[in-house]
Structure formats: structure tokens, C-alpha cells
2 protein chains.
Amino acid sequence: MNDKKAIDKKDREEIRDLAAEAGSLTEFAYRRLREDIIAGHFPSGAKLQIEDLKARYGLSASPVREALSRLISQGFVASESQRGFRVAPMSAEDLADITLARQVVESAALALAIRKGDDAWEGEVLSAFHKLDRHVLRLGGRPVQDLAAFSELHKAFHAALIAACGSPRLIEEQSRLYDQAERYRHGMMYSFLSDAEVDLMGEHRALMEAVLARDADAALRLLHHHLGHTYEFCFGKNAAENSGPLPSTGQKTKRPARS
Amino acid sequence: MNDKKAIDKKDREEIRDLAAEAGSLTEFAYRRLREDIIAGHFPSGAKLQIEDLKARYGLSASPVREALSRLISQGFVASESQRGFRVAPMSAEDLADITLARQVVESAALALAIRKGDDAWEGEVLSAFHKLDRHVLRLGGRPVQDLAAFSELHKAFHAALIAACGSPRLIEEQSRLYDQAERYRHGMMYSFLSDAEVDLMGEHRALMEAVLARDADAALRLLHHHLGHTYEFCFGKNAAENSGPLPSTGQKTKRPARS
DNA sequence: AAAAGAAAAAAAATCGACAAAATGGATAGC
DNA sequence: GCTATCCATTTTGTCGATTTTTTTTCTTTT
């Protein structure tokens with residue numbers, strides 16, 4: 001109870017600086033809250049009390065409420081009229097849904113990018129992969145330490161893949177869904193590279209190579225498979241087949257889709 | 001300037017009632033604003049001044065700002081920090097992007113629905129089509145009058161098609177994209193059925209029949225083609241091919257896709 | 001006359017306080 | 001002993017006023 005009021009004058013100035021950087025206090029609250037939720041700093045369906053948040057971020061109700069409002073449409077916060085806000089609840093079905101949506105959106109965007117991307121795009125993909133690869137190597141298979149840095153590079157790689165798709169909306173939606181899945185990843189990251197069952201970086205490399213070779217079929221297959229891992233890590237392999245049947249058009253039911 | 005202050009005590013009570021219905025004033029403001037933007041009541045990139053909106057809806061700044069904040073993440077409102085809000089600008093490229101995203105999301109959802117839907121779902125599809133069909137017939141080819149009713153039925157039909165897809169996110173996204181496109185439709189609805197070039201209800205019927213026959217290939221082809229019409233109506237047929245190449249996976253480049 | 005700067009006006013963002021609603025707990029009734 | 005009702009407390013949602021920032025207007029200077 002004491003540490004909630006631990007915002008003294010010094011902190012207040014700091015917040016002011018950070019707010020100036022972010023543009024406004026609302027923006028500041030929005031970013032901090034979003035990060036805190038994604039980082040799993042609040043438990044799944046936890047109540048987000050205005051009073052607490054005011055104290056936590058050192059500002060008054062208006063910016064906090066506006067930030068919460070913005071996070072509603074993003075799927076990070078849920079609100080019940082007249083009884084406040086809570087962190088959007090997590091569940092196996094929810095992650096399955098996120099995974100499915102990612103497979104739909106990201107696959108489509110990747111297909112477009114492969115068709116439309118130019119040399120500069122290929123360069124960016126290569127660069128993003130390289131940075132991610134080096135980072136993981138440097139940590140010697142233990143990305144636990146610098147989780148935030150790894151996440152950022154991993155996200156950047158996936159973003160680079162579809163950057164040339166030409167659709168702001170698909171890019172935006174990919175980013176949003178990635179962040180939603182990030183929430184689930186945080187719980188399970190600690191065991192991640194010790195699990196030899198899946199060679200994440202190997203998959204990334206294969207994916208990149210297929211992309212650079214403009215082999216759309218292979219790339220889409222790899223991506224689809226790759227996206228399922230978050231779910232498998234969190235809730236086991238079995239139920240992953242729940243969303244198993246391929247997302248959409250084509251594939252023409254050649255086979256029941258190996259992934 | 002006078003009609004902006006035209007909120008007297010009587011109106012204020014009315015607003016209170018409506019708010020009670022909506023749950024809160026914020027919710028009320030959110031719905032009204034959203035409707036007004038979709039209905040094209042504000043010009044494309046128009047400034048949304050808090051003072052104006054306060055007067056227009058008869059409430060104070062907080063609910064208005066929260067409503068605006070929520071609309072940001074939805075793509076209906078844009079904000080520049082420290083200099084307020086404006087209606088998200090419209091453009092040909094933007095509608096092309098919406099169309100592309102719809103083709104990606106709605107196609108995937110429809111494929112899933114066709115695979116997973118049960119008898120009850122088929123019933124709902126049939127019912128939604130019937131209501132839409134009857135409404136259009138009753139108006140004798142002039143849906144101009146009751147535009148809102150038509151829109152609602154049309155949206156309900158498209159929603160019914162994918163209702164069985166099993167993915168809350170795909171459903172939600174479809175709805176959001178539909179509404180974003182709605183903004184563009186409003187400008188061009190007045191000439192719509194007189195244009196014999198496209199037989200909208202015929203397309204709807206064909207689509208429904210393909211769906212009920214569980215003919216995924218045909219249904220997806222029809223849907224993809226159908227979704228392009230909003231763009232064609234607004235900006236002409238040529239540029240529609242811009243986003244022409246199919247959204248994503250599969251189709252295996254059998255043919256360059258007739259649509 | 002044009003550009004730069006200062007002052008005034010307008011608008012946005014934020015705050016502190018209040019009113020309405022919900023929650024939790026105690027008491028009364030069955 | 002259990003349920004229902006009322007009251008105290010907490011919390012949300014809303015407002016009006018204040019502060020900060022931007023925009024406009026009016027000087028002043030070159």
C-alpha cells in the first residue's frame with residue numbers, strides 16, 4: 001500500500017520528461033500500460049483499478065482512462081460498463097484464435113510480399129535475420145536474460161518478412177496479433193531453447209531462405225507451421241490440431257497439411 | 001454556430017435515457033460518433049474539435065475524448081499528439097487496402113465456416129439472405145430510401161456467412177473492415193441498383209447457393225469477386241486490378257483468377 | 001513590404017472534485 | 001442456519017475549471 005504512493009516530486013519530473021518524449025501523458029500511459037500487459041505484469045483477468053493506475057504511473061484519471069479506452073479496441077483490455085476495466089483474460093482457446101488469425105493474416109501478407117518485394121526488401125529480411133541470429137548465438141542458447149531484446153528482434157524479423165506486402169492494414173494487424181501472442185510467450189520463454197524438439201532459429205533460417213528464393217509454397221508452409229509453436233509451447237501439441245485445418249483458400253486438400 | 005448550442009434541458013434528458021441504454025455516456029458517445037463517421041456525416045479528414053463534439057452530443061469532454069480514443073485503434077479517427085483529432089482520411093489507396101484486407105480475412109473465415117458449419121448455420125445464412133432479398137424486392141430496386149436498413153441487412157448477411165468459422169477475431173475483424181468500407185459506400189449508394197453492370201442480389205444468391213452446397217472453391221471465388229465491387233463503384237474498375245492478384249495461399253495459379 | 005517576434009485568442013490536455021453506481025458487510029427476518 | 005435487505009465504503013464515470021500548447025493576430029524591425 002505504501003509503494004503505490006511512492007511517486008514523489010523527483011519521479012513526477014521524470015514522468016514529465018518521459019511524457020514529453022511520448023508526446024502526451026495519455027500516450028505515455030498508453031505505452032506503459034500496453035507494455036505492462038504484454039510483459040505479463042498483470043495477471044490474466046486482473047482488475048485494472050483507476051486509483052491503482054493513477055498511483056502507479058503518477059498521473060490523474062483522464063490520461064489513464066483514455067489509455068485504457070484505446071487498449072479496448074486492441075484486445076488487451078476488457079471493460080464492463082459501470083464496473084471498470086480488466087486485463088483481457090487469457091485462455092487456451094484465445095491463443096488458438098490468435099494463432100489462427102496470425103496464420104491467416106501473416107500468410108496472406110507473406111504471399112504478397114514474396115510476389116511484390118524488391119531487392120531492398122530482400123536486404124531488410126536478410127538484415128533482420130542476421131541481427132536476430134547473432135543475438136541468439138551471442139547468448140549461447142539462453143535468451144532468458146535479455147528477453148525484451150530478443151522479442152524485439154524476433155518481431156522485427158517477422159515484420160521484415162511482410163514489409164513489402166503493400167498493405168498497411170495487414171502489417172498493422174500482424175503487429176497487433178504478434179503482441180497479443182507475446183503475452184502468452186512470456187510465461188513460457190524460460191524453458192524455450194532447452195527444448196530441443198523445436199529448432200526455432202533453424203526454422204527462421206529455412207523460412208528466410210524460402211522467402212529469398214521466392215518459393216511461396218515452401219515459405220507459406222514453413223510460416224504456418226512456425227506460427228503454431230507458441231501454442232504448442234503453452235498448451236501442448238495435441239490441441240494445436242484443433243485449429244489445425246489450414247486457414248483458407250487453396251492447398252486444394254492435397255494432403256491434410258503436414259504441419 | 002447557433003445550432004451547436006441547441007442542446008436544451010429536454011434534449012439532455014433524452015441523452016441521459018439513451019446513455020442508460022448504452023450503459024454509459026462514453027459508450028453513447030462512442031456509438032454516435034462511430035455512426036456519424038461511418039454515415040459520412042463528417043467530411044473525410046475533418047477536424048473533430050472537442051468543443052464541437054461536446055455541444056453536438058450534449059456531454060462534457062471526458063466521454064468524448066474516451067470515445068475518440070477508442071476510435072483511434074479502429075481506424076476511424078486519427079490523432080496528432082497535442083493537436084487534437086480528425087476523421088481518418090479517405091482515399092482510393094485506402095479503400096484498395098480495405099478491400100484487400102477484407103478479401104484475406106473474409107475468404108479465410110468463409111472457408112472455415114464452410115468446413116465447420118452445421119445445419120443451424122445454414123439456416124441462419126438462408127434466413128439472412130431471405131430478409132435481405134425481400135427487403136430489396138420490396139423497394140423495387142431503389143434502396144436509397146432506407147439506406148440504413150439495407151446496410152444492416154447486407155452486413156448481417158455477410159456476417160452470417162462466416163458466423164460458423166469459429167474464430168472471434170476473424171469475425172470481429174470482418175465486422176470492422178465492413179464498417180470501414182461502409183464509409184465509402186455511402187457516397188455512391190444512390191446510383192447503385194440502376195447500374196445494371198453488376199447484379200448485386202444475383203451475386204448474393206449465387207454466393208449463398210455455393211455456400212449451402214459446401215462448394216468452397218466456388219464460394220471463395222464469388223466472394224473475392226464480390227468484395228471488389230465497393231472499390232469499382234467508387235473509383236472505377238481499372239485500379240481494382242491493382243489489388244487484383246489473389247490475396248494469399250493456394251489457388252496454385254491454376255489460372256490468373258477470373259475475378 | 002516581408003520577416004521575425006510578441007501578445008492575444010483558441011484549443012487541447014490534464015487535473016481535482018463530485019455524483020452515481022457497485023461492492024462488501026452487518027443486521028433482520030424466515 | 002440461511003437468505004434477503006439495508007447501510008457504509010469503495011470505485012467508477014462524469015463534470016467544470018486549470019494548465020499547457022498551438023494558432024492567430026498584431027507589432028516591430030530590417
# chains A, B, ... in the order shown; residues from 1 in each chain; ligands from 1
>>> interface_residues(of="chain B", to="chain D", cutoff="12 Å", atoms="only C-alpha atoms (C1' of nucleotides)", output="compact mmCIF listing (two decimals) with C-alpha atoms, in the first residue's frame")
# COMPACT_ATOMS: atom_id res chain seq x y z
CA ALA B 19 -26.91 6.73 -22.24
CA GLY B 23 -24.52 1.73 -20.41
CA SER B 24 -22.53 4.90 -20.07
CA LEU B 25 -22.09 8.26 -21.68
CA THR B 26 -18.77 7.15 -23.07
CA GLU B 27 -20.46 4.22 -24.76
CA LYS B 54 -19.37 18.35 -26.60
CA LEU B 59 -21.89 15.98 -22.81
CA SER B 60 -18.58 17.00 -21.39
CA ALA B 61 -15.04 16.41 -22.53
CA SER B 62 -14.19 13.14 -20.79
CA PRO B 63 -16.65 10.83 -22.51
CA VAL B 64 -15.99 12.47 -25.85
CA GLU B 66 -12.60 8.44 -24.42
CA SER B 81 -0.45 14.48 -30.26
CA GLN B 82 -1.18 17.88 -28.85
CA ARG B 83 -3.25 18.99 -31.79
CA GLY B 84 -6.38 17.00 -31.50
>>> select_by_dssp(residues="stretch 54-143 of chain A", states="strand (DSSP E)", output="list of chain:residue names")
A:Val77, A:Ala78, A:Ser79, A:Phe85, A:Arg86, A:Val87
>>> closest_residue(among="B:Ala164, B:Ala111, B:Met90, B:Leu33", to="chain A", atoms="only C-alpha atoms")
B:Ala111
>>> interface_residues(of="chain C", to="chain A", cutoff="9 Å", atoms="only C-alpha atoms (C1' of nucleotides)", output="list in words")
DA13, DT14, DC15, DG16, DA21 and DA22 of chain C
>>> atom_distance(atom1="atom CA of B:His135", atom2="atom CA of B:His154")
10.0 Å
>>> interface_residues(of="chain A", to="chain B", cutoff="9 Å", atoms="only C-alpha atoms", output="PyMOL selection string")
chain A and resi 22-24+27+62+65-74+80-82+94+96-98+100-101+104-105+107-112+166-170+216-217+220+245-252
>>> select_by_dssp(residues="stretch 54-122 of chain B", states="alpha helix (DSSP H)", output="PyMOL selection string")
chain B and resi 54-57+61-72+92-116+119-122
>>> write_last_selection(atoms="N, CA and C atoms", output="tab-separated table (two decimals), in the first residue's frame")
chain	number	residue	atom	x	y	z
B	54	LYS	N	-18.68	18.15	-27.87
B	54	LYS	CA	-19.37	18.35	-26.60
B	54	LYS	C	-20.76	18.91	-26.84
B	55	ALA	N	-20.80	19.96	-27.66
B	55	ALA	CA	-22.08	20.60	-27.94
B	55	ALA	C	-22.99	19.66	-28.72
B	56	ARG	N	-22.42	19.01	-29.70
B	56	ARG	CA	-23.20	18.16	-30.59
B	56	ARG	C	-23.89	17.03	-29.84
B	57	TYR	N	-23.18	16.41	-28.90
B	57	TYR	CA	-23.77	15.27	-28.21
B	57	TYR	C	-24.26	15.62	-26.80
B	61	ALA	N	-16.22	16.84	-21.78
B	61	ALA	CA	-15.04	16.41	-22.53
B	61	ALA	C	-14.65	14.94	-22.32
B	62	SER	N	-14.70	14.49	-21.08
B	62	SER	CA	-14.19	13.14	-20.79
B	62	SER	C	-14.79	12.04	-21.66
B	63	PRO	N	-16.11	11.91	-21.68
B	63	PRO	CA	-16.65	10.83	-22.51
B	63	PRO	C	-16.31	10.98	-23.98
B	64	VAL	N	-16.32	12.24	-24.44
B	64	VAL	CA	-15.99	12.47	-25.85
B	64	VAL	C	-14.57	12.01	-26.15
B	65	ARG	N	-13.66	12.39	-25.29
B	65	ARG	CA	-12.27	12.02	-25.52
B	65	ARG	C	-12.07	10.51	-25.45
B	66	GLU	N	-12.74	9.88	-24.52
B	66	GLU	CA	-12.60	8.44	-24.42
B	66	GLU	C	-13.15	7.75	-25.66
B	67	ALA	N	-14.26	8.25	-26.15
B	67	ALA	CA	-14.83	7.68	-27.37
B	67	ALA	C	-13.85	7.85	-28.53
B	68	LEU	N	-13.28	9.04	-28.64
B	68	LEU	CA	-12.31	9.27	-29.71
B	68	LEU	C	-11.12	8.33	-29.58
B	69	SER	N	-10.66	8.15	-28.35
B	69	SER	CA	-9.52	7.26	-28.13
B	69	SER	C	-9.82	5.85	-28.62
B	70	ARG	N	-11.03	5.42	-28.33
B	70	ARG	CA	-11.38	4.07	-28.76
B	70	ARG	C	-11.43	3.97	-30.27
B	71	LEU	N	-11.84	5.04	-30.91
B	71	LEU	CA	-11.99	5.00	-32.36
B	71	LEU	C	-10.65	5.08	-33.08
B	72	ILE	N	-9.63	5.49	-32.36
B	72	ILE	CA	-8.31	5.55	-32.97
B	72	ILE	C	-7.85	4.17	-33.40
B	92	ALA	N	-8.41	6.52	-52.46
B	92	ALA	CA	-8.54	5.32	-53.28
B	92	ALA	C	-7.63	4.22	-52.77
B	93	GLU	N	-6.41	4.58	-52.40
B	93	GLU	CA	-5.47	3.56	-51.92
B	93	GLU	C	-6.01	2.93	-50.63
B	94	ASP	N	-6.61	3.77	-49.80
B	94	ASP	CA	-7.13	3.25	-48.54
B	94	ASP	C	-8.23	2.24	-48.79
B	95	LEU	N	-9.14	2.55	-49.69
B	95	LEU	CA	-10.21	1.59	-49.97
B	95	LEU	C	-9.65	0.33	-50.60
B	96	ALA	N	-8.63	0.50	-51.45
B	96	ALA	CA	-7.98	-0.68	-52.03
B	96	ALA	C	-7.42	-1.56	-50.92
B	97	ASP	N	-6.86	-0.92	-49.91
B	97	ASP	CA	-6.29	-1.68	-48.80
B	97	ASP	C	-7.38	-2.38	-48.00
B	98	ILE	N	-8.45	-1.66	-47.73
B	98	ILE	CA	-9.58	-2.28	-47.03
B	98	ILE	C	-10.07	-3.48	-47.82
B	99	THR	N	-10.22	-3.31	-49.11
B	99	THR	CA	-10.72	-4.40	-49.95
B	99	THR	C	-9.80	-5.61	-49.88
B	100	LEU	N	-8.53	-5.35	-49.99
B	100	LEU	CA	-7.57	-6.44	-49.91
B	100	LEU	C	-7.67	-7.17	-48.57
B	101	ALA	N	-7.70	-6.39	-47.50
B	101	ALA	CA	-7.78	-7.00	-46.16
B	101	ALA	C	-9.06	-7.80	-46.02
B	102	ARG	N	-10.15	-7.25	-46.56
B	102	ARG	CA	-11.41	-7.99	-46.49
B	102	ARG	C	-11.31	-9.30	-47.24
B	103	GLN	N	-10.70	-9.25	-48.41
B	103	GLN	CA	-10.58	-10.49	-49.18
B	103	GLN	C	-9.78	-11.52	-48.41
B	104	VAL	N	-8.75	-11.09	-47.74
B	104	VAL	CA	-7.94	-12.01	-46.96
B	104	VAL	C	-8.74	-12.59	-45.80
B	105	VAL	N	-9.30	-11.69	-45.01
B	105	VAL	CA	-9.95	-12.12	-43.77
B	105	VAL	C	-11.25	-12.86	-44.05
B	106	GLU	N	-12.06	-12.27	-44.89
B	106	GLU	CA	-13.39	-12.85	-45.11
B	106	GLU	C	-13.31	-14.17	-45.87
B	107	SER	N	-12.39	-14.26	-46.79
B	107	SER	CA	-12.23	-15.53	-47.51
B	107	SER	C	-11.82	-16.64	-46.56
B	108	ALA	N	-10.84	-16.35	-45.74
B	108	ALA	CA	-10.36	-17.37	-44.80
B	108	ALA	C	-11.49	-17.80	-43.87
B	109	ALA	N	-12.23	-16.82	-43.38
B	109	ALA	CA	-13.31	-17.13	-42.46
B	109	ALA	C	-14.40	-17.95	-43.15
B	110	LEU	N	-14.68	-17.59	-44.39
B	110	LEU	CA	-15.73	-18.32	-45.12
B	110	LEU	C	-15.30	-19.77	-45.35
B	111	ALA	N	-14.03	-19.95	-45.71
B	111	ALA	CA	-13.55	-21.31	-45.92
B	111	ALA	C	-13.72	-22.14	-44.67
B	112	LEU	N	-13.38	-21.53	-43.53
B	112	LEU	CA	-13.53	-22.26	-42.27
B	112	LEU	C	-15.00	-22.55	-41.97
B	113	ALA	N	-15.84	-21.57	-42.22
B	113	ALA	CA	-17.25	-21.74	-41.92
B	113	ALA	C	-17.85	-22.86	-42.77
B	114	ILE	N	-17.46	-22.89	-44.03
B	114	ILE	CA	-17.98	-23.94	-44.91
B	114	ILE	C	-17.55	-25.31	-44.41
B	115	ARG	N	-16.34	-25.36	-43.87
B	115	ARG	CA	-15.85	-26.64	-43.39
B	115	ARG	C	-16.53	-27.04	-42.07
B	116	LYS	N	-16.79	-26.05	-41.24
B	116	LYS	CA	-17.22	-26.37	-39.88
B	116	LYS	C	-18.71	-26.14	-39.59
B	119	ASP	N	-26.06	-27.45	-39.46
B	119	ASP	CA	-27.36	-27.15	-40.06
B	119	ASP	C	-27.90	-25.80	-39.60
B	120	ALA	N	-27.71	-25.54	-38.31
B	120	ALA	CA	-28.21	-24.28	-37.78
B	120	ALA	C	-27.59	-23.10	-38.51
B	121	TRP	N	-26.29	-23.21	-38.77
B	121	TRP	CA	-25.61	-22.15	-39.50
B	121	TRP	C	-26.22	-21.98	-40.89
B	122	GLU	N	-26.41	-23.08	-41.58
B	122	GLU	CA	-27.03	-22.99	-42.91
B	122	GLU	C	-28.37	-22.27	-42.82
>>> atom_distance(atom1="atom CA of B:Ala213", atom2="atom CA of B:Asp199")
21.1 Å
>>> atom_distance(atom1="atom CA of A:His204", atom2="atom CA of A:Met188")
19.1 Å
